[in-house]
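Pasted below: start.csv, CSV, C-alpha atoms.
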```
chain,number,residue,atom,x,y,z
A,8,MET,CA,-52.0,-10.2,35.8
A,9,SER,CA,-49.3,-7.6,35.4
A,10,ALA,CA,-47.3,-6.4,38.4
A,11,SER,CA,-49.0,-3.1,38.5
A,12,GLY,CA,-52.4,-4.8,38.5
A,13,VAL,CA,-51.4,-7.1,41.3
A,14,LEU,CA,-50.1,-4.2,43.3
A,15,ALA,CA,-53.3,-2.2,42.6
A,16,ASN,CA,-55.3,-5.1,44.1
A,17,VAL,CA,-52.9,-5.4,47.1
A,18,LEU,CA,-53.4,-1.7,47.9
A,19,ALA,CA,-57.1,-1.9,47.4
A,20,HIS,CA,-57.4,-4.9,49.7
A,21,SER,CA,-55.2,-3.2,52.3
A,22,ALA,CA,-57.4,-0.2,52.3
A,23,GLN,CA,-60.5,-2.3,52.7
A,24,VAL,CA,-58.9,-4.3,55.6
A,25,ALA,CA,-57.9,-1.0,57.3
A,26,VAL,CA,-61.4,0.3,57.2
A,27,VAL,CA,-62.9,-3.0,58.5
A,28,VAL,CA,-60.5,-3.3,61.4
A,29,VAL,CA,-60.6,0.4,62.4
A,30,VAL,CA,-64.4,0.4,62.4
A,31,GLY,CA,-64.6,-2.9,64.3
A,32,ALA,CA,-62.1,-1.6,66.9
A,33,VAL,CA,-64.0,1.7,67.4
A,34,LEU,CA,-67.3,-0.2,67.8
A,35,ALA,CA,-65.9,-2.6,70.3
A,36,ARG,CA,-64.8,0.4,72.4
A,37,LEU,CA,-68.1,2.3,72.0
A,38,THR,CA,-70.2,-0.7,73.0
A,39,ARG,CA,-68.0,-1.3,76.0
A,40,VAL,CA,-67.9,-5.0,75.6
A,41,HIS,CA,-65.5,-6.5,78.2
A,42,ALA,CA,-66.2,-10.2,78.2
A,43,PRO,CA,-63.0,-11.9,76.9
A,44,SER,CA,-64.9,-14.7,75.2
A,45,ALA,CA,-67.1,-12.2,73.3
A,46,LEU,CA,-64.1,-10.0,72.4
A,47,LEU,CA,-62.2,-13.0,71.2
A,48,ALA,CA,-65.0,-14.0,68.9
A,49,TRP,CA,-65.3,-10.4,67.6
A,50,TRP,CA,-61.6,-10.1,66.8
A,51,ARG,CA,-61.5,-13.4,65.1
A,52,LEU,CA,-64.5,-12.5,63.0
A,53,LEU,CA,-62.8,-9.3,61.9
A,54,LEU,CA,-59.7,-11.3,61.0
A,55,LEU,CA,-61.8,-13.8,59.0
A,56,VAL,CA,-63.7,-11.0,57.2
A,57,SER,CA,-60.4,-9.2,56.4
A,58,ILE,CA,-58.9,-12.3,54.8
A,59,LEU,CA,-62.0,-13.3,52.9
A,60,LEU,CA,-62.8,-9.8,51.5
A,61,PRO,CA,-61.6,-10.6,48.0
A,62,LEU,CA,-64.1,-13.5,47.9
A,63,LEU,CA,-66.9,-11.5,49.4
A,64,GLN,CA,-67.0,-8.9,46.6
A,65,PRO,CA,-67.2,-9.0,42.8
A,66,CYS,CA,-64.1,-8.0,40.9
A,67,LEU,CA,-64.7,-5.2,38.3
A,68,GLY,CA,-64.0,-6.0,34.7
A,69,PRO,CA,-62.6,-3.8,32.0
A,70,ALA,CA,-63.1,-0.1,32.9
A,71,LEU,CA,-64.0,2.7,30.6
A,72,ARG,CA,-63.5,6.3,31.5
A,73,VAL,CA,-65.7,9.0,30.1
A,74,SER,CA,-64.4,12.5,30.8
A,75,GLY,CA,-66.1,15.6,29.6
A,76,GLY,CA,-67.9,13.5,26.9
A,77,GLU,CA,-64.6,12.1,25.6
A,78,LEU,CA,-63.9,8.3,26.0
A,79,ASP,CA,-60.6,7.1,27.4
A,80,VAL,CA,-60.4,3.3,27.2
A,81,THR,CA,-58.4,1.5,30.0
A,82,GLU,CA,-58.3,-2.2,29.6
A,83,GLY,CA,-57.6,-4.6,32.5
A,84,ALA,CA,-56.9,-3.4,35.9
A,85,GLY,CA,-56.9,0.3,35.0
A,86,GLY,CA,-56.9,3.1,37.6
A,87,ALA,CA,-54.2,5.5,38.7
A,88,ILE,CA,-52.1,2.8,40.2
A,89,GLY,CA,-51.8,1.0,36.8
A,90,GLY,CA,-48.8,3.1,35.8
A,91,LEU,CA,-47.1,3.2,39.1
A,92,PRO,CA,-43.3,2.9,38.6
A,93,TRP,CA,-41.4,0.2,40.4
A,94,SER,CA,-44.5,-1.9,41.0
A,95,GLY,CA,-42.6,-5.1,40.3
A,96,ALA,CA,-39.9,-4.1,42.8
A,97,ILE,CA,-42.5,-3.3,45.4
A,98,LEU,CA,-44.1,-6.7,45.0
A,99,LEU,CA,-40.7,-8.3,45.3
A,100,VAL,CA,-40.2,-6.5,48.6
A,101,LEU,CA,-43.6,-7.7,49.9
A,102,ALA,CA,-42.8,-11.3,48.8
A,103,ALA,CA,-39.4,-11.2,50.4
A,104,GLY,CA,-40.9,-10.1,53.7
A,105,THR,CA,-43.3,-13.0,53.5
A,106,VAL,CA,-40.5,-15.4,52.8
A,107,VAL,CA,-38.5,-14.0,55.8
A,108,ARG,CA,-41.5,-14.5,58.1
A,109,MET,CA,-42.1,-18.0,56.9
A,110,ALA,CA,-38.4,-18.8,57.4
A,111,ARG,CA,-38.6,-17.4,60.9
A,112,LEU,CA,-41.6,-19.6,61.6
A,113,GLY,CA,-39.8,-22.7,60.4
A,114,VAL,CA,-36.8,-21.8,62.6
A,115,GLY,CA,-39.1,-21.3,65.6
A,116,LEU,CA,-40.7,-24.7,65.1
A,117,ALA,CA,-37.3,-26.3,64.8
A,118,ARG,CA,-36.2,-24.6,68.0
A,119,LEU,CA,-39.2,-25.9,69.9
A,120,ARG,CA,-38.4,-29.4,68.9
A,121,HIS,CA,-34.8,-28.9,70.0
A,122,TRP,CA,-36.0,-27.7,73.4
A,123,ARG,CA,-38.4,-30.6,73.8
A,124,ARG,CA,-35.6,-33.1,73.2
A,125,ARG,CA,-33.3,-31.5,75.8
A,126,ALA,CA,-36.1,-31.0,78.4
A,127,VAL,CA,-36.8,-33.3,81.3
A,128,ALA,CA,-40.1,-34.9,82.1
A,129,ALA,CA,-42.1,-32.7,84.6
A,130,GLN,CA,-43.3,-35.8,86.4
A,131,ARG,CA,-39.8,-36.1,87.9
A,132,HIS,CA,-40.1,-32.9,89.8
A,133,LEU,CA,-43.8,-32.2,90.2
A,134,ASP,CA,-46.2,-34.0,92.5
A,135,ALA,CA,-48.3,-36.6,90.6
A,136,SER,CA,-51.5,-35.5,92.4
A,137,VAL,CA,-51.0,-31.9,91.2
A,138,ILE,CA,-50.6,-33.1,87.6
A,139,ALA,CA,-53.6,-35.4,87.9
A,140,ALA,CA,-55.8,-32.6,89.3
A,141,ALA,CA,-54.8,-30.3,86.5
A,142,VAL,CA,-55.5,-32.9,83.9
A,143,ARG,CA,-58.9,-33.7,85.4
A,144,ASP,CA,-60.0,-30.1,85.6
A,145,ALA,CA,-58.7,-29.1,82.2
A,146,GLY,CA,-60.2,-32.1,80.4
A,147,ALA,CA,-57.0,-32.6,78.4
A,148,THR,CA,-53.5,-34.1,78.7
A,149,ALA,CA,-50.1,-33.3,77.1
A,150,ARG,CA,-46.4,-34.1,77.4
A,151,LEU,CA,-45.1,-32.0,80.3
A,152,CYS,CA,-41.5,-30.9,80.2
A,153,LEU,CA,-39.2,-28.7,82.3
A,154,THR,CA,-36.6,-26.6,80.6
A,155,ARG,CA,-34.4,-23.6,81.2
A,156,ALA,CA,-34.9,-22.4,77.6
A,157,VAL,CA,-38.1,-20.5,78.4
A,158,ASP,CA,-39.0,-18.1,81.3
A,159,VAL,CA,-42.8,-18.5,80.9
A,160,PRO,CA,-44.9,-21.6,80.1
A,161,ALA,CA,-45.4,-22.4,76.4
A,162,THR,CA,-47.8,-25.0,74.9
A,163,TYR,CA,-47.6,-26.2,71.3
A,164,GLY,CA,-48.6,-29.1,69.1
A,165,THR,CA,-52.0,-30.4,68.0
A,166,LEU,CA,-51.9,-34.2,67.7
A,167,ARG,CA,-49.1,-34.6,70.3
A,168,PRO,CA,-49.2,-31.4,72.4
A,169,VAL,CA,-46.3,-30.4,74.5
A,170,VAL,CA,-46.2,-28.1,77.5
A,171,LEU,CA,-42.8,-26.5,78.1
A,172,LEU,CA,-42.5,-25.3,81.7
A,173,PRO,CA,-39.8,-23.0,83.1
A,174,GLN,CA,-37.5,-24.8,85.5
A,175,ARG,CA,-38.5,-22.6,88.3
A,176,VAL,CA,-42.1,-23.9,88.2
A,177,ALA,CA,-40.8,-26.8,90.3
A,178,ASP,CA,-40.0,-24.4,93.2
A,179,LEU,CA,-43.5,-22.9,93.3
A,180,PRO,CA,-46.2,-24.1,95.8
A,181,PRO,CA,-48.3,-27.0,94.6
A,182,ASP,CA,-51.4,-24.9,94.2
A,183,SER,CA,-49.6,-22.5,91.9
A,184,GLN,CA,-48.2,-25.4,89.9
A,185,ARG,CA,-51.7,-26.7,89.5
A,186,ASP,CA,-52.9,-23.2,88.2
A,187,ILE,CA,-50.1,-23.1,85.7
A,188,LEU,CA,-50.7,-26.6,84.4
A,189,LEU,CA,-54.5,-26.0,84.3
A,190,HIS,CA,-53.9,-22.8,82.2
A,191,GLU,CA,-51.7,-24.6,79.7
A,192,LEU,CA,-53.9,-27.7,79.4
A,193,ARG,CA,-56.9,-25.5,78.8
A,194,HIS,CA,-55.0,-24.2,75.8
A,195,VAL,CA,-54.7,-27.8,74.7
A,196,ARG,CA,-58.3,-28.5,75.3
A,197,ARG,CA,-59.4,-25.5,73.2
A,198,GLY,CA,-57.0,-26.3,70.3
A,199,ASP,CA,-55.4,-22.9,70.6
A,200,TRP,CA,-52.1,-24.0,69.0
A,201,SER,CA,-53.7,-24.6,65.6
A,202,ARG,CA,-55.4,-21.2,65.6
A,203,ALA,CA,-52.1,-19.5,66.7
A,204,LEU,CA,-50.3,-21.2,63.9
A,205,ALA,CA,-52.9,-20.1,61.3
A,206,GLU,CA,-52.6,-16.5,62.7
A,207,GLU,CA,-48.9,-16.6,62.3
A,208,LEU,CA,-49.2,-17.7,58.6
A,209,ILE,CA,-51.6,-14.8,58.0
A,210,ALA,CA,-49.2,-12.5,59.7
A,211,ALA,CA,-46.5,-13.7,57.4
A,212,LEU,CA,-48.6,-13.0,54.3
A,213,PHE,CA,-49.7,-9.6,55.5
A,214,TRP,CA,-46.6,-8.6,57.5
A,215,PHE,CA,-46.8,-5.1,56.0
A,216,HIS,CA,-50.3,-4.3,57.2
A,217,PRO,CA,-50.4,-2.5,60.6
A,218,ALA,CA,-54.1,-3.0,61.1
A,219,LEU,CA,-53.8,-6.8,60.9
A,220,ALA,CA,-50.7,-6.7,63.2
A,221,TRP,CA,-52.8,-4.8,65.7
A,222,LEU,CA,-55.7,-7.2,65.3
A,223,ARG,CA,-53.5,-10.3,65.8
A,224,ALA,CA,-52.1,-8.8,69.0
A,225,ARG,CA,-55.7,-8.3,70.3
A,226,ILE,CA,-56.5,-11.9,69.5
A,227,ARG,CA,-53.5,-13.2,71.3
A,228,LEU,CA,-54.2,-11.1,74.4
A,229,THR,CA,-57.9,-11.9,74.6
A,230,ARG,CA,-57.1,-15.6,74.1
A,231,GLU,CA,-55.0,-15.5,77.3
A,232,GLN,CA,-57.7,-13.6,79.1
A,233,VAL,CA,-60.3,-16.2,78.1
A,234,VAL,CA,-58.2,-19.0,79.5
A,235,ASP,CA,-57.4,-17.0,82.7
A,236,ALA,CA,-61.2,-16.6,83.3
A,237,GLU,CA,-61.6,-20.4,82.7
A,238,VAL,CA,-58.9,-21.2,85.3
A,239,VAL,CA,-60.5,-18.9,87.9
A,240,ALA,CA,-63.9,-20.4,87.2
A,241,ARG,CA,-62.6,-23.9,87.8
A,242,THR,CA,-60.5,-23.2,90.9
A,243,GLY,CA,-62.5,-20.4,92.5
A,244,GLU,CA,-59.2,-18.9,93.6
A,245,ARG,CA,-58.9,-15.5,91.9
A,246,ARG,CA,-56.4,-14.1,94.4
A,247,ARG,CA,-54.1,-17.1,94.3
A,248,TYR,CA,-54.2,-17.1,90.5
A,249,LEU,CA,-53.3,-13.4,90.4
A,250,GLU,CA,-50.3,-14.1,92.6
A,251,THR,CA,-49.2,-16.9,90.3
A,252,LEU,CA,-49.4,-14.6,87.3
A,253,LEU,CA,-47.4,-11.9,89.2
A,254,ALA,CA,-44.7,-14.5,89.9
A,255,PHE,CA,-43.8,-14.3,86.2
A,256,ALA,CA,-43.9,-10.5,86.1
A,257,GLU,CA,-40.2,-10.2,85.5
A,258,ALA,CA,-39.9,-13.1,83.1
A,259,GLU,CA,-38.6,-12.3,79.6
A,260,GLY,CA,-40.9,-14.9,77.9
A,261,VAL,CA,-39.9,-17.2,75.1
A,262,PRO,CA,-36.6,-16.5,73.2
A,263,PRO,CA,-36.9,-15.5,69.5
A,264,PRO,CA,-37.6,-16.7,66.9
A,265,ALA,CA,-40.0,-19.1,68.7
A,266,ALA,CA,-41.4,-16.2,70.6
A,267,ALA,CA,-43.5,-15.2,67.6
A,268,LEU,CA,-45.6,-18.4,68.0
A,269,PHE,CA,-46.7,-17.5,71.5
A,270,SER,CA,-48.6,-14.7,73.1
A,271,PRO,CA,-46.5,-12.2,75.1
A,272,PRO,CA,-47.2,-12.3,78.8
A,273,HIS,CA,-49.4,-9.2,78.8
A,274,LEU,CA,-49.5,-9.5,82.6
A,275,GLU,CA,-50.8,-6.0,83.3
A,276,SER,CA,-53.7,-6.4,80.9
A,277,ARG,CA,-54.5,-9.9,82.1
A,278,VAL,CA,-54.5,-8.9,85.7
A,279,ASP,CA,-56.7,-5.9,84.9
A,280,ALA,CA,-59.2,-8.1,83.1
A,281,LEU,CA,-59.4,-10.5,86.1
A,282,MET,CA,-60.0,-7.6,88.5
A,283,LYS,CA,-62.9,-6.2,86.4
A,284,GLU,CA,-66.4,-7.3,86.9
A,285,ASP,CA,-68.4,-7.5,83.7
A,286,THR,CA,-71.8,-6.0,84.4
A,287,MET,CA,-73.1,-6.4,80.8
A,288,THR,CA,-75.5,-9.3,80.4
A,289,ARG,CA,-74.8,-12.0,77.9
A,290,ALA,CA,-77.8,-11.1,75.8
A,291,ARG,CA,-76.8,-7.5,75.7
A,292,THR,CA,-73.2,-8.3,74.8
A,293,TRP,CA,-74.1,-10.4,71.8
A,294,ALA,CA,-76.8,-8.0,70.7
A,295,ALA,CA,-74.1,-5.2,70.7
A,296,LEU,CA,-71.8,-7.4,68.7
A,297,ALA,CA,-74.5,-8.3,66.2
A,298,ALA,CA,-75.3,-4.6,65.7
A,299,SER,CA,-71.6,-3.9,65.3
A,300,GLY,CA,-71.3,-6.7,62.8
A,301,ALA,CA,-74.0,-5.0,60.6
A,302,ILE,CA,-72.2,-1.7,60.8
A,303,VAL,CA,-68.9,-3.3,59.8
A,304,ALA,CA,-70.6,-5.1,56.9
A,305,LEU,CA,-71.9,-1.8,55.7
A,306,ALA,CA,-68.5,-0.1,56.1
A,307,GLY,CA,-66.9,-3.0,54.2
A,308,ALA,CA,-69.4,-2.8,51.4
A,309,THR,CA,-68.9,0.9,51.1
A,310,VAL,CA,-65.1,0.8,50.9
A,311,ALA,CA,-65.2,-2.2,48.6
A,312,ASN,CA,-67.4,-0.1,46.2
A,313,ALA,CA,-65.1,2.9,46.6
A,314,VAL,CA,-61.8,1.0,46.2
A,315,PRO,CA,-62.7,-2.1,44.3
A,316,LEU,CA,-60.5,-5.0,43.3
A,317,ARG,CA,-59.9,-5.6,39.6
A,318,ALA,CA,-60.4,-8.8,37.6
A,319,LEU,CA,-57.8,-10.3,35.3
A,320,GLY,CA,-57.9,-8.3,32.1
A,321,ALA,CA,-57.8,-9.4,28.5
A,322,ALA,CA,-54.4,-7.9,27.9
A,323,GLU,CA,-53.0,-9.7,31.0
A,324,ALA,CA,-54.4,-13.1,30.3
A,325,GLY,CA,-51.9,-15.9,29.8
A,326,ALA,CA,-51.7,-17.6,26.5
A,327,SER,CA,-52.7,-20.9,28.0
A,328,ALA,CA,-55.5,-19.5,30.1
A,329,PRO,CA,-59.1,-20.5,29.3
A,330,LYS,CA,-61.1,-17.8,27.5
A,331,THR,CA,-63.5,-16.2,30.0
A,332,ALA,CA,-65.7,-13.2,29.6
A,333,ARG,CA,-63.0,-10.8,30.7
A,334,GLU,CA,-60.4,-12.3,28.4
A,335,ARG,CA,-62.3,-11.9,25.2
A,336,LYS,CA,-61.1,-8.9,23.3
A,337,VAL,CA,-63.4,-6.1,22.2
A,338,VAL,CA,-63.2,-5.7,18.4
A,339,GLN,CA,-65.7,-2.9,18.1
A,340,LYS,CA,-66.5,-0.2,20.7
A,341,VAL,CA,-69.0,2.6,20.6
A,342,GLN,CA,-68.3,5.6,22.7
A,343,PRO,CA,-70.9,6.2,25.4
A,344,THR,CA,-72.4,9.7,25.3
A,345,TYR,CA,-72.6,12.0,28.3
A,346,PRO,CA,-76.3,12.9,28.6
A,347,ALA,CA,-76.7,16.7,28.3
A,348,ASP,CA,-79.1,16.9,31.2
A,349,ALA,CA,-76.7,15.0,33.5
A,350,LYS,CA,-73.8,17.3,32.5
A,351,ALA,CA,-75.9,20.4,33.1
A,352,ALA,CA,-76.9,19.0,36.5
A,353,GLY,CA,-73.2,18.2,37.4
A,354,ILE,CA,-74.0,14.5,37.8
A,355,GLU,CA,-71.0,12.1,37.8
A,356,GLY,CA,-70.4,8.5,38.8
A,357,SER,CA,-69.7,5.0,37.7
A,358,VAL,CA,-72.3,2.8,36.0
A,359,VAL,CA,-71.8,-0.9,36.5
A,360,LEU,CA,-73.3,-3.1,33.8
A,361,ASP,CA,-73.9,-6.9,33.9
A,362,VAL,CA,-73.8,-8.1,30.3
A,363,LEU,CA,-74.1,-11.4,28.4
A,364,ILE,CA,-71.6,-11.9,25.6
A,365,THR,CA,-72.7,-14.6,23.1
A,366,ALA,CA,-70.4,-17.1,21.5
A,367,ALA,CA,-70.6,-15.0,18.3
A,368,GLY,CA,-69.4,-11.9,20.2
A,369,GLU,CA,-72.7,-10.0,20.4
A,370,VAL,CA,-73.5,-8.1,23.6
A,371,THR,CA,-77.0,-8.9,24.9
A,372,ASP,CA,-78.9,-8.8,28.2
A,373,VAL,CA,-77.3,-5.6,29.3
A,374,LYS,CA,-78.4,-4.8,32.9
A,375,PRO,CA,-77.2,-1.7,34.8
A,376,THR,CA,-76.7,-2.8,38.4
A,377,LYS,CA,-75.2,0.4,40.0
A,378,GLY,CA,-74.7,4.0,39.2
A,379,PRO,CA,-76.7,7.2,38.8
A,380,GLU,CA,-80.1,6.7,37.1
A,381,GLU,CA,-79.4,9.6,34.7
A,382,LEU,CA,-76.3,7.9,33.3
A,383,ARG,CA,-77.4,4.3,33.1
A,384,GLU,CA,-79.3,4.2,29.8
A,385,ALA,CA,-76.6,6.1,27.9
A,386,ALA,CA,-74.0,3.6,29.1
A,387,ALA,CA,-76.2,0.6,28.3
A,388,ALA,CA,-77.1,1.9,24.9
A,389,ALA,CA,-73.4,2.2,23.9
A,390,VAL,CA,-72.4,-1.2,25.3
A,391,ARG,CA,-75.2,-3.0,23.4
A,392,GLN,CA,-73.4,-2.0,20.2
A,393,TRP,CA,-70.1,-3.5,21.2
A,394,LYS,CA,-68.6,-6.5,19.4
A,395,TYR,CA,-66.3,-9.1,21.0
A,396,GLU,CA,-64.2,-11.7,19.4
A,397,ALA,CA,-65.9,-15.1,19.0
A,398,GLY,CA,-65.6,-17.5,21.9
A,399,PRO,CA,-66.4,-21.1,22.7
A,400,ALA,CA,-69.6,-20.3,24.6
A,401,ASP,CA,-71.8,-17.6,26.0
A,402,THR,CA,-70.1,-15.8,28.9
A,403,ARG,CA,-71.1,-13.0,31.3
A,404,ALA,CA,-69.0,-10.0,32.2
A,405,THR,CA,-69.1,-6.9,34.4
A,406,LEU,CA,-68.3,-3.6,32.7
A,407,THR,CA,-67.8,-0.2,34.4
A,408,ILE,CA,-68.4,3.1,32.6
A,409,ARG,CA,-67.1,6.1,34.6
A,410,TYR,CA,-68.6,9.5,33.9
A,411,ILE,CA,-66.4,12.3,35.2
A,412,LEU,CA,-67.0,16.0,34.3
A,413,ASP,CA,-64.0,18.0,33.3
A,414,LYS,CA,-64.0,20.8,36.0
A,415,ASP,CA,-61.5,22.8,34.0
A,416,LYS,CA,-63.6,23.2,30.9
A,417,LYS,CA,-66.9,25.0,30.6
A,418,ASP,CA,-69.8,23.1,29.1
```
Final structure tokens representation of the file:
Amino acid sequence: MSASGVLANVLAHSAQVAVVVVVGAVLARLTRVHAPSALLAWWRLLLLVSILLPLLQPCLGPALRVSGGELDVTEGAGGAIGGLPWSGAILLVLAAGTVVRMARLGVGLARLRHWRRRAVAAQRHLDASVIAAAVRDAGATARLCLTRAVDVPATYGTLRPVVLLPQRVADLPPDSQRDILLHELRHVRRGDWSRALAEELIAALFWFHPALAWLRARIRLTREQVVDAEVVARTGERRRYLETLLAFAEAEGVPPPAAALFSPPHLESRVDALMKEDTMTRARTWAALAASGAIVALAGATVANAVPLRALGAAEAGASAPKTARERKVVQKVQPTYPADAKAAGIEGSVVLDVLITAAGEVTDVKPTKGPEELREAAAAAVRQWKYEAGPADTRATLTIRYILDKDKKD
């Protein structure tokens, strides 16, 4: 695909993601869902849908533009963005940003390993009974280390998890130490590191998209709130846990670039969540999210139809690429007519046709799937007369005929 075609799809996908995230955020606020576990599931669903949007929609094939009854053929990606200057340079900037983020991720992981090697075992400074109680309540274990490199606890690793504890944890009361260890070990039990790493990879790919950056921040915050709630549920000491959180109120966190791998403290929001009592029942919460999901799906389908992705066009296919329906060149085209009744009524729109192209190049089984009823038959009648170059087998294709009235000319 050409640089302009790729950029067109990047912009189309970005617009689709923006609509999905904004609609999802508004619905979460309107439904007043406060349960951290429900919100975390909701934010993760929005992220998953955003990433999978290209797979959840059909890509449009070669597009034809009919304006005022005159046919303007646009092969491949088409659209206004197709001729955008500097599209290659823009793609290079986007790729460079991803490379920088990936490099930062690699440096952060290397720094974590360096800190782990220089840290001391927490068992040397913490009471064994405190550690044993935290391991029992969390249902998980990890390598516990004390270090001066971080100001707040940080847990990483999947197969061999490591908990980096600030040196000053050793000076806290035993109950506070247990709360901190329980919190970090619950992250281990939940497998949060793998998810955080996947989110960082997504952030590197879509570093330019503010909606995804906002969504990632919400996921990181609600993940901490979920674990906070789990700790309080296991200890029954809400007040003490709040005091433990406030003990790190002035901490700066994890130094960059490793800081990108961990959630910021968000202490104010986490304290606020712990102080709130969720009055919404579990059934009502999930019913609200289910209804919100249906609305987001509708919004996503609407924007995908309004700003569609484009398939690989014939002119952009590589020489070694297998011949598919969209890569077979049209050797004979018949101009679709603009029905007089539709023009008189001011009817415009796009007609999407699902067609079968035989190995000999004949167009058969033409089925209009979308578009104004008044325009469908005219578009289908013209496409039935098209001829494609011969191919190895019958293939299917999706064609789009756009009917746009020329507002500047009188019929």
Would you write out, as a Markdown table, a table of all residues in region 280-316 of chain A that have an atom no more than 10 Å from an atom of region 234-250 of chain A, listing for each the closest atom pair and the distance in Å to one decimal, considering only C-alpha atoms and ordering rows by chain and rising residue number?
```
| residue | atom | partner | partner_atom | distance |
| --- | --- | --- | --- | --- |
| A:Ala280 | CA | A:Ala236 | CA | 8.7 |
| A:Leu281 | CA | A:Ala236 | CA | 6.9 |
| A:Met282 | CA | A:Arg245 | CA | 8.7 |
```
Which residue of A:Ile58, A:Gly146, A:His132, A:Trp49 approaches Ala177 (chain A) most closely, using only C-alpha atoms: A:His132
Pairwise distance for CA of Tyr410 (chain A) and CA of Val358 (chain A), rounded to one decimal in Å: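 Separating CA of Tyr410 (chain A) from CA of Val358 (chain A) is a distance of 7.9 Å.
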Spatial neighbours of region 140-145 of chain A, max dist 7 Å, only C-alpha atoms, sep filter under 3 positions, as a ChimeraX atom specification: /A:136-137,148,185,188-189,192-193,196
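Around region 369-371 of chain A, within 6 Å and counting all atoms listed in the file, the residues found are A:Leu363, A:Ile364, A:Thr365, A:Arg391, A:Lys394, once anything fewer than 4 positions away on its own chain is removed.
We find CA of Lys374 (chain A) and CA of Leu18 (chain A) to be spaced 29.3 Å apart.
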Distance of CA of Ala294 (chain A) from CA of Ala313 (chain A), expressed in Å to one decimal place: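 About the pair CA of Ala313 (chain A) and CA of Ala294 (chain A): they are 28.9 Å apart.
Proximity ranking of A:Pro262, A:Arg175, A:Ala147, A:Arg39 relative to Arg118 (chain A) places A:Pro262 first, based on all atoms listed in the file.
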Closest of A:Leu151, A:Ala290, A:Ala218, A:Val169 to Ala45 (chain A) - atom-to-atom distances counting all atoms listed in the file: A:Ala290
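Compared by their closest atoms to Leu14 (chain A), and using all atoms listed in the file, the residues A:Val159, A:Ala258, A:Ala48, A:Leu316 rank with A:Leu316 nearest.
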Neighbour residues at most 12 Å from (-56.6, -20.2, 58.5) (only C-alpha atoms) as a ChimeraX atom specification: /A:51-52,54-59,201-210,212
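Minimum atom-to-atom distances from A:Val30, A:Asn16, A:Thr405, A:Gln339 to Ile302 (chain A) were compared using only C-alpha atoms, and the lowest value belongs to A:Val30.
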Selected residue, from A:Met287, A:Ile411, A:Ala35, A:Leu112, that lies nearest to Gly300 (chain A) when counting all atoms listed in the file: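 Nearest candidate to Gly300 (chain A) out of A:Met287, A:Ile411, A:Ala35, A:Leu112: A:Ala35.
The environment of Gly356 (chain A) within 9 Å, counting all atoms listed in the file and disregarding residues fewer than 5 places along the same chain, consists of Gly378, Pro379, Leu382, Ile408, Arg409, Tyr410 and Ile411 of chain A.
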How would region 400-411 of chain A read, as a compact mmCIF listing (two decimals), keeping the file's coordinate frame, once N, CA and C atoms are built in?
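Listing of selection.txt after writing:
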```
# COMPACT_ATOMS: atom_id res chain seq x y z
N ALA A 400 -68.28 -20.25 24.01
CA ALA A 400 -69.60 -20.30 24.60
C ALA A 400 -70.05 -18.94 25.05
N ASP A 401 -71.34 -18.82 25.38
CA ASP A 401 -71.80 -17.60 26.00
C ASP A 401 -71.15 -17.35 27.32
N THR A 402 -70.78 -16.12 27.60
CA THR A 402 -70.10 -15.80 28.90
C THR A 402 -70.70 -14.48 29.39
N ARG A 403 -70.59 -14.28 30.70
CA ARG A 403 -71.10 -13.00 31.30
C ARG A 403 -69.85 -12.20 31.71
N ALA A 404 -70.06 -10.89 31.78
CA ALA A 404 -69.00 -10.00 32.20
C ALA A 404 -69.58 -8.81 32.92
N THR A 405 -68.74 -8.13 33.67
CA THR A 405 -69.10 -6.90 34.40
C THR A 405 -68.29 -5.76 33.80
N LEU A 406 -68.94 -4.74 33.29
CA LEU A 406 -68.30 -3.60 32.70
C LEU A 406 -68.59 -2.35 33.55
N THR A 407 -67.63 -1.44 33.62
CA THR A 407 -67.80 -0.20 34.40
C THR A 407 -67.58 0.99 33.47
N ILE A 408 -68.55 1.87 33.40
CA ILE A 408 -68.40 3.10 32.60
C ILE A 408 -68.35 4.25 33.65
N ARG A 409 -67.26 4.99 33.63
CA ARG A 409 -67.10 6.10 34.60
C ARG A 409 -67.37 7.42 33.86
N TYR A 410 -68.25 8.18 34.41
CA TYR A 410 -68.60 9.50 33.90
C TYR A 410 -67.98 10.54 34.86
N ILE A 411 -67.02 11.33 34.35
CA ILE A 411 -66.40 12.30 35.20
C ILE A 411 -66.39 13.65 34.40
```
